[in-house]
Each structure stands twice: as C-alpha cells, then as structure tokens.
file target_6.pdb (PDB, N, CA and C atoms)
ATOM      1  N   MET A   1     103.612 103.268  92.272
ATOM      2  CA  MET A   1     104.404 103.435  91.073
ATOM      3  C   MET A   1     103.477 103.720  89.898
ATOM      4  N   MET A   2     103.888 104.560  89.046
ATOM      5  CA  MET A   2     103.084 104.957  87.902
ATOM      6  C   MET A   2     103.235 103.941  86.761
ATOM      7  N   GLU A   3     102.127 103.526  86.184
ATOM      8  CA  GLU A   3     102.171 102.602  85.053
ATOM      9  C   GLU A   3     102.359 103.363  83.760
ATOM     10  N   LYS A   4     103.133 102.754  82.864
ATOM     11  CA  LYS A   4     103.349 103.368  81.560
ATOM     12  C   LYS A   4     102.139 103.084  80.678
ATOM     13  N   ASN A   5     101.671 104.091  79.988
ATOM     14  CA  ASN A   5     100.537 103.936  79.087
ATOM     15  C   ASN A   5     101.046 103.483  77.738
ATOM     16  N   ASN A   6     100.648 102.292  77.302
ATOM     17  CA  ASN A   6     101.090 101.743  76.026
ATOM     18  C   ASN A   6     100.123 102.030  74.894
ATOM     19  N   ASP A   7      99.075 102.800  75.159
ATOM     20  CA  ASP A   7      98.113 103.145  74.125
ATOM     21  C   ASP A   7      98.630 104.341  73.335
ATOM     22  N   PHE A   8      98.533 104.247  72.024
ATOM     23  CA  PHE A   8      98.996 105.319  71.154
ATOM     24  C   PHE A   8      97.811 105.893  70.398
ATOM     25  N   SER A   9      97.838 107.193  70.197
ATOM     26  CA  SER A   9      96.829 107.801  69.342
ATOM     27  C   SER A   9      97.203 107.489  67.897
ATOM     28  N   GLN A  10      96.276 107.679  67.011
ATOM     29  CA  GLN A  10      96.546 107.444  65.587
ATOM     30  C   GLN A  10      97.670 108.355  65.096
ATOM     31  N   THR A  11      97.715 109.573  65.605
ATOM     32  CA  THR A  11      98.752 110.533  65.212
ATOM     33  C   THR A  11     100.123 110.061  65.678
ATOM     34  N   GLU A  12     100.192 109.611  66.940
ATOM     35  CA  GLU A  12     101.462 109.109  67.469
ATOM     36  C   GLU A  12     101.926 107.871  66.717
ATOM     37  N   LEU A  13     100.996 106.995  66.427
ATOM     38  CA  LEU A  13     101.329 105.776  65.692
ATOM     39  C   LEU A  13     101.839 106.103  64.291
ATOM     40  N   ALA A  14     101.177 107.022  63.609
ATOM     41  CA  ALA A  14     101.618 107.419  62.270
ATOM     42  C   ALA A  14     103.012 108.025  62.312
ATOM     43  N   ARG A  15     103.281 108.832  63.328
ATOM     44  CA  ARG A  15     104.599 109.438  63.481
ATOM     45  C   ARG A  15     105.670 108.373  63.717
ATOM     46  N   MET A  16     105.356 107.434  64.589
ATOM     47  CA  MET A  16     106.318 106.367  64.878
ATOM     48  C   MET A  16     106.586 105.492  63.653
ATOM     49  N   LEU A  17     105.553 105.222  62.873
ATOM     50  CA  LEU A  17     105.725 104.367  61.701
ATOM     51  C   LEU A  17     106.621 104.996  60.641
ATOM     52  N   LYS A  18     106.763 106.311  60.677
ATOM     53  CA  LYS A  18     107.614 107.003  59.714
ATOM     54  C   LYS A  18     109.085 107.021  60.121
ATOM     55  N   GLN A  19     109.371 106.679  61.363
ATOM     56  CA  GLN A  19     110.747 106.724  61.847
ATOM     57  C   GLN A  19     111.591 105.628  61.192
ATOM     58  N   PRO A  20     112.839 105.931  60.851
ATOM     59  CA  PRO A  20     113.705 104.946  60.196
ATOM     60  C   PRO A  20     113.894 103.675  61.022
ATOM     61  N   GLU A  21     113.958 103.811  62.349
ATOM     62  CA  GLU A  21     114.123 102.630  63.200
ATOM     63  C   GLU A  21     112.898 101.715  63.115
ATOM     64  N   THR A  22     111.726 102.318  63.046
ATOM     65  CA  THR A  22     110.503 101.521  62.935
ATOM     66  C   THR A  22     110.468 100.792  61.600
ATOM     67  N   GLN A  23     110.833 101.489  60.547
ATOM     68  CA  GLN A  23     110.862 100.860  59.225
ATOM     69  C   GLN A  23     111.863  99.704  59.194
ATOM     70  N   ALA A  24     113.039  99.908  59.789
ATOM     71  CA  ALA A  24     114.050  98.843  59.836
ATOM     72  C   ALA A  24     113.557  97.674  60.681
ATOM     73  N   LEU A  25     112.863  97.970  61.765
ATOM     74  CA  LEU A  25     112.317  96.929  62.626
ATOM     75  C   LEU A  25     111.279  96.093  61.876
ATOM     76  N   LEU A  26     110.370  96.757  61.186
ATOM     77  CA  LEU A  26     109.346  96.034  60.422
ATOM     78  C   LEU A  26     109.971  95.188  59.312
ATOM     79  N   THR A  27     110.987  95.722  58.660
ATOM     80  CA  THR A  27     111.678  94.972  57.602
ATOM     81  C   THR A  27     112.336  93.723  58.182
ATOM     82  N   ARG A  28     113.010  93.881  59.315
ATOM     83  CA  ARG A  28     113.688  92.734  59.935
ATOM     84  C   ARG A  28     112.676  91.688  60.391
ATOM     85  N   LEU A  29     111.583  92.112  60.984
ATOM     86  CA  LEU A  29     110.554  91.166  61.400
ATOM     87  C   LEU A  29     109.994  90.401  60.199
ATOM     88  N   GLN A  30     109.789  91.105  59.093
ATOM     89  CA  GLN A  30     109.293  90.448  57.872
ATOM     90  C   GLN A  30     110.301  89.423  57.369
ATOM     91  N   GLN A  31     111.586  89.728  57.472
ATOM     92  CA  GLN A  31     112.622  88.799  57.033
ATOM     93  C   GLN A  31     112.628  87.540  57.896
ATOM     94  N   LEU A  32     112.402  87.715  59.190
ATOM     95  CA  LEU A  32     112.453  86.584  60.106
ATOM     96  C   LEU A  32     111.258  85.661  59.969
ATOM     97  N   ASP A  33     110.060  86.222  59.872
ATOM     98  CA  ASP A  33     108.849  85.392  59.810
ATOM     99  C   ASP A  33     107.660  86.206  59.311
ATOM    100  N   PRO A  34     107.503  86.294  57.989
ATOM    101  CA  PRO A  34     106.418  87.114  57.430
ATOM    102  C   PRO A  34     105.026  86.680  57.888
ATOM    103  N   SER A  35     104.789  85.393  58.023
ATOM    104  CA  SER A  35     103.451  84.939  58.412
ATOM    105  C   SER A  35     103.136  85.329  59.853
ATOM    106  N   ALA A  36     104.134  85.326  60.716
ATOM    107  CA  ALA A  36     103.908  85.723  62.110
ATOM    108  C   ALA A  36     103.531  87.198  62.179
ATOM    109  N   ILE A  37     104.174  88.002  61.354
ATOM    110  CA  ILE A  37     103.874  89.435  61.349
ATOM    111  C   ILE A  37     102.445  89.672  60.895
ATOM    112  N   ASP A  38     102.057  89.016  59.814
ATOM    113  CA  ASP A  38     100.689  89.171  59.309
ATOM    114  C   ASP A  38      99.665  88.750  60.363
ATOM    115  N   SER A  39      99.922  87.620  61.009
ATOM    116  CA  SER A  39      99.003  87.142  62.048
ATOM    117  C   SER A  39      98.957  88.096  63.232
ATOM    118  N   ALA A  40     100.119  88.607  63.646
ATOM    119  CA  ALA A  40     100.167  89.525  64.784
ATOM    120  C   ALA A  40      99.425  90.819  64.474
ATOM    121  N   VAL A  41      99.562  91.314  63.264
ATOM    122  CA  VAL A  41      98.847  92.534  62.872
ATOM    123  C   VAL A  41      97.341  92.304  62.933
ATOM    124  N   LYS A  42      96.879  91.168  62.437
ATOM    125  CA  LYS A  42      95.445  90.856  62.477
ATOM    126  C   LYS A  42      94.959  90.734  63.919
ATOM    127  N   MET A  43      95.748  90.054  64.752
ATOM    128  CA  MET A  43      95.367  89.901  66.157
ATOM    129  C   MET A  43      95.269  91.257  66.848
ATOM    130  N   ALA A  44      96.286  92.083  66.646
ATOM    131  CA  ALA A  44      96.300  93.401  67.283
ATOM    132  C   ALA A  44      95.153  94.269  66.777
ATOM    133  N   SER A  45      94.868  94.176  65.488
ATOM    134  CA  SER A  45      93.764  94.955  64.912
ATOM    135  C   SER A  45      92.430  94.556  65.506
ATOM    136  N   ASN A  46      92.320  93.298  65.905
ATOM    137  CA  ASN A  46      91.091  92.795  66.519
ATOM    138  C   ASN A  46      91.083  92.993  68.035
ATOM    139  N   GLY A  47      92.105  93.690  68.550
ATOM    140  CA  GLY A  47      92.157  93.974  69.970
ATOM    141  C   GLY A  47      92.833  92.920  70.809
ATOM    142  N   ASN A  48      93.384  91.897  70.172
ATOM    143  CA  ASN A  48      94.021  90.816  70.910
ATOM    144  C   ASN A  48      95.533  91.047  70.956
ATOM    145  N   THR A  49      95.924  92.119  71.642
ATOM    146  CA  THR A  49      97.338  92.500  71.676
ATOM    147  C   THR A  49      98.198  91.523  72.472
ATOM    148  N   ASP A  50      97.621  90.882  73.477
ATOM    149  CA  ASP A  50      98.395  89.906  74.250
ATOM    150  C   ASP A  50      98.813  88.722  73.380
ATOM    151  N   ALA A  51      97.903  88.221  72.569
ATOM    152  CA  ALA A  51      98.234  87.105  71.676
ATOM    153  C   ALA A  51      99.255  87.535  70.620
ATOM    154  N   ALA A  52      99.113  88.755  70.125
ATOM    155  CA  ALA A  52     100.066  89.271  69.137
ATOM    156  C   ALA A  52     101.456  89.366  69.759
ATOM    157  N   ARG A  53     101.526  89.886  70.963
ATOM    158  CA  ARG A  53     102.800  90.014  71.674
ATOM    159  C   ARG A  53     103.421  88.634  71.897
ATOM    160  N   GLU A  54     102.604  87.673  72.307
ATOM    161  CA  GLU A  54     103.090  86.318  72.547
ATOM    162  C   GLU A  54     103.618  85.683  71.254
ATOM    163  N   LEU A  55     102.943  85.908  70.158
ATOM    164  CA  LEU A  55     103.356  85.370  68.867
ATOM    165  C   LEU A  55     104.706  85.939  68.424
ATOM    166  N   LEU A  56     104.925  87.219  68.703
ATOM    167  CA  LEU A  56     106.160  87.886  68.280
ATOM    168  C   LEU A  56     107.320  87.694  69.248
ATOM    169  N   GLU A  57     107.043  87.209  70.439
ATOM    170  CA  GLU A  57     108.070  87.080  71.471
ATOM    171  C   GLU A  57     109.326  86.334  70.999
ATOM    172  N   PRO A  58     109.215  85.205  70.314
ATOM    173  CA  PRO A  58     110.440  84.525  69.855
ATOM    174  C   PRO A  58     111.270  85.373  68.884
ATOM    175  N   LEU A  59     110.607  86.170  68.059
ATOM    176  CA  LEU A  59     111.320  87.024  67.112
ATOM    177  C   LEU A  59     112.073  88.141  67.829
ATOM    178  N   MET A  60     111.574  88.540  68.981
ATOM    179  CA  MET A  60     112.175  89.634  69.725
ATOM    180  C   MET A  60     113.534  89.255  70.314
ATOM    181  N   GLN A  61     113.889  87.978  70.251
ATOM    182  CA  GLN A  61     115.182  87.535  70.758
ATOM    183  C   GLN A  61     116.314  87.812  69.770
ATOM    184  N   ASP A  62     115.973  88.160  68.545
ATOM    185  CA  ASP A  62     116.961  88.483  67.512
ATOM    186  C   ASP A  62     117.765  89.711  67.942
ATOM    187  N   GLU A  63     119.086  89.640  67.799
ATOM    188  CA  GLU A  63     119.966  90.726  68.244
ATOM    189  C   GLU A  63     119.656  92.054  67.542
ATOM    190  N   GLN A  64     119.407  92.006  66.247
ATOM    191  CA  GLN A  64     119.101  93.228  65.500
ATOM    192  C   GLN A  64     117.765  93.825  65.959
ATOM    193  N   ILE A  65     116.788  92.969  66.210
ATOM    194  CA  ILE A  65     115.486  93.422  66.709
ATOM    195  C   ILE A  65     115.660  94.103  68.064
ATOM    196  N   GLN A  66     116.430  93.498  68.938
ATOM    197  CA  GLN A  66     116.650  94.082  70.262
ATOM    198  C   GLN A  66     117.323  95.450  70.160
ATOM    199  N   HIS A  67     118.295  95.575  69.277
ATOM    200  CA  HIS A  67     118.986  96.856  69.086
ATOM    201  C   HIS A  67     118.008  97.931  68.593
ATOM    202  N   LEU A  68     117.201  97.579  67.605
ATOM    203  CA  LEU A  68     116.251  98.545  67.048
ATOM    204  C   LEU A  68     115.181  98.947  68.060
ATOM    205  N   THR A  69     114.686  97.990  68.829
ATOM    206  CA  THR A  69     113.667  98.327  69.821
ATOM    207  C   THR A  69     114.255  99.204  70.923
ATOM    208  N   GLN A  70     115.508  98.972  71.271
ATOM    209  CA  GLN A  70     116.166  99.826  72.265
ATOM    210  C   GLN A  70     116.274 101.259  71.741
ATOM    211  N   LYS A  71     116.647 101.426  70.477
ATOM    212  CA  LYS A  71     116.729 102.757  69.887
ATOM    213  C   LYS A  71     115.366 103.442  69.873
ATOM    214  N   LEU A  72     114.318 102.686  69.563
ATOM    215  CA  LEU A  72     112.968 103.260  69.554
ATOM    216  C   LEU A  72     112.548 103.692  70.959
ATOM    217  N   ARG A  73     112.856 102.898  71.951
ATOM    218  CA  ARG A  73     112.508 103.256  73.328
ATOM    219  C   ARG A  73     113.222 104.539  73.751
ATOM    220  N   GLN A  74     114.493 104.637  73.380
ATOM    221  CA  GLN A  74     115.261 105.833  73.735
ATOM    222  C   GLN A  74     114.686 107.068  73.041
ATOM    223  N   ARG A  75     114.288 106.899  71.806
ATOM    224  CA  ARG A  75     113.786 108.024  71.028
ATOM    225  C   ARG A  75     112.373 108.445  71.455
ATOM    226  N   ASN A  76     111.544 107.467  71.792
ATOM    227  CA  ASN A  76     110.138 107.742  72.041
ATOM    228  C   ASN A  76     109.723 107.650  73.504
ATOM    229  N   GLY A  77     110.632 107.264  74.348
ATOM    230  CA  GLY A  77     110.317 107.198  75.773
ATOM    231  C   GLY A  77     109.541 106.004  76.197
TER     232      GLY A  77
END
call {"tool": "encode", "arguments": {"input": "target_6.pdb", "output": "structure tokens"}}
result
Amino acid sequence: MMEKNNDFSQTELARMLKQPETQALLTRLQQLDPSAIDSAVKMASNGNTDAARELLEPLMQDEQIQHLTQKLRQRNG
C-alpha cells in the first residue's frame, strides 16, 4: 500500500494557508485554546510534529474543526 506524503513544500503550505477553510480552522483553534496553538506551532517549527499533533488532538474533537478539516482534505487531497 502506498503511504501518503504529509510533507509540504513552502509553496504548497503558503497556498493552503490562504484558503478560507484554513483561515477558519486557525481562527477556531485560536478560540478553543490559544496557548495550545502557540505551543504546537513552536513544536512543529522545531521538527517535533508528533508532539504538536498530540497536543492538538483534543481540539480536533470539536465538531466545527472536524467539518473544516474534512473540507480541507476534500479540497487538497
């Protein structure tokens, strides 16, 4: 089975960050727990994406977050 590549180029990341769904997702995450977002960004920037993902996992249970992430997956594959 083929593994999905979760690595994004800077160009792809910049494009995704401009999408309305991404902006709404970031806004909702900030509303839920601003300190968790700041910590996750720092962790991910330092290459510790597993810890960042684990930190954000409880926030991902939010219904609005799930809807937005589903839309992003559909749009971006």
call {"tool": "residues_around", "arguments": {"input": "target_6.pdb", "residues": "A:Leu55", "least_positions_apart": "6", "cutoff": "8 Å", "atoms": "only N, CA and C atoms", "output": "PyMOL selection string"}}
result
chain A and resi 36-37+39-40+49
call {"tool": "atom_distance", "arguments": {"input": "target_6.pdb", "atom1": "atom N of A:Leu72", "atom2": "atom C of A:Pro20"}}
result
8.6 Å
call {"tool": "axis_aligned_box", "arguments": {"input": "target_6.pdb", "around": "stretch 28-46 of chain A", "padding_each_side": "6 Å", "output": "AutoDock Vina command-line options"}}
result
--center_x 102.4 --center_y 89.9 --center_z 62.5 --size_x 34.6 --size_y 22.0 --size_z 23.0
call {"tool": "select_by_dssp", "arguments": {"input": "target_6.pdb", "residues": "chain A", "states": "alpha helix (DSSP H)", "output": "MDAnalysis selection string"}}
result
chainID A and resid 10:18 20:32 34:45 49:56 63:76
call {"tool": "atom_distance", "arguments": {"input": "target_6.pdb", "atom1": "atom N of A:Gln10", "atom2": "atom CA of A:Leu56"}}
result
22.2 Å
call {"tool": "atom_distance", "arguments": {"input": "target_6.pdb", "atom1": "atom N of A:Asn76", "atom2": "atom CA of A:Ser35"}}
result
27.4 Å
call {"tool": "residues_around", "arguments": {"input": "target_6.pdb", "residues": "A:Leu29", "least_positions_apart": "6", "cutoff": "12 Å", "atoms": "only C-alpha atoms", "output": "PyMOL selection string"}}
result
chain A and resi 22-23+35-38+40-41+55-66+68-69
call {"tool": "closest_residue", "arguments": {"input": "target_6.pdb", "among": "A:Glu21, A:Asp33, A:Glu54, A:Glu12", "to": "A:His67", "atoms": "only C-alpha atoms"}}
result
A:Glu21
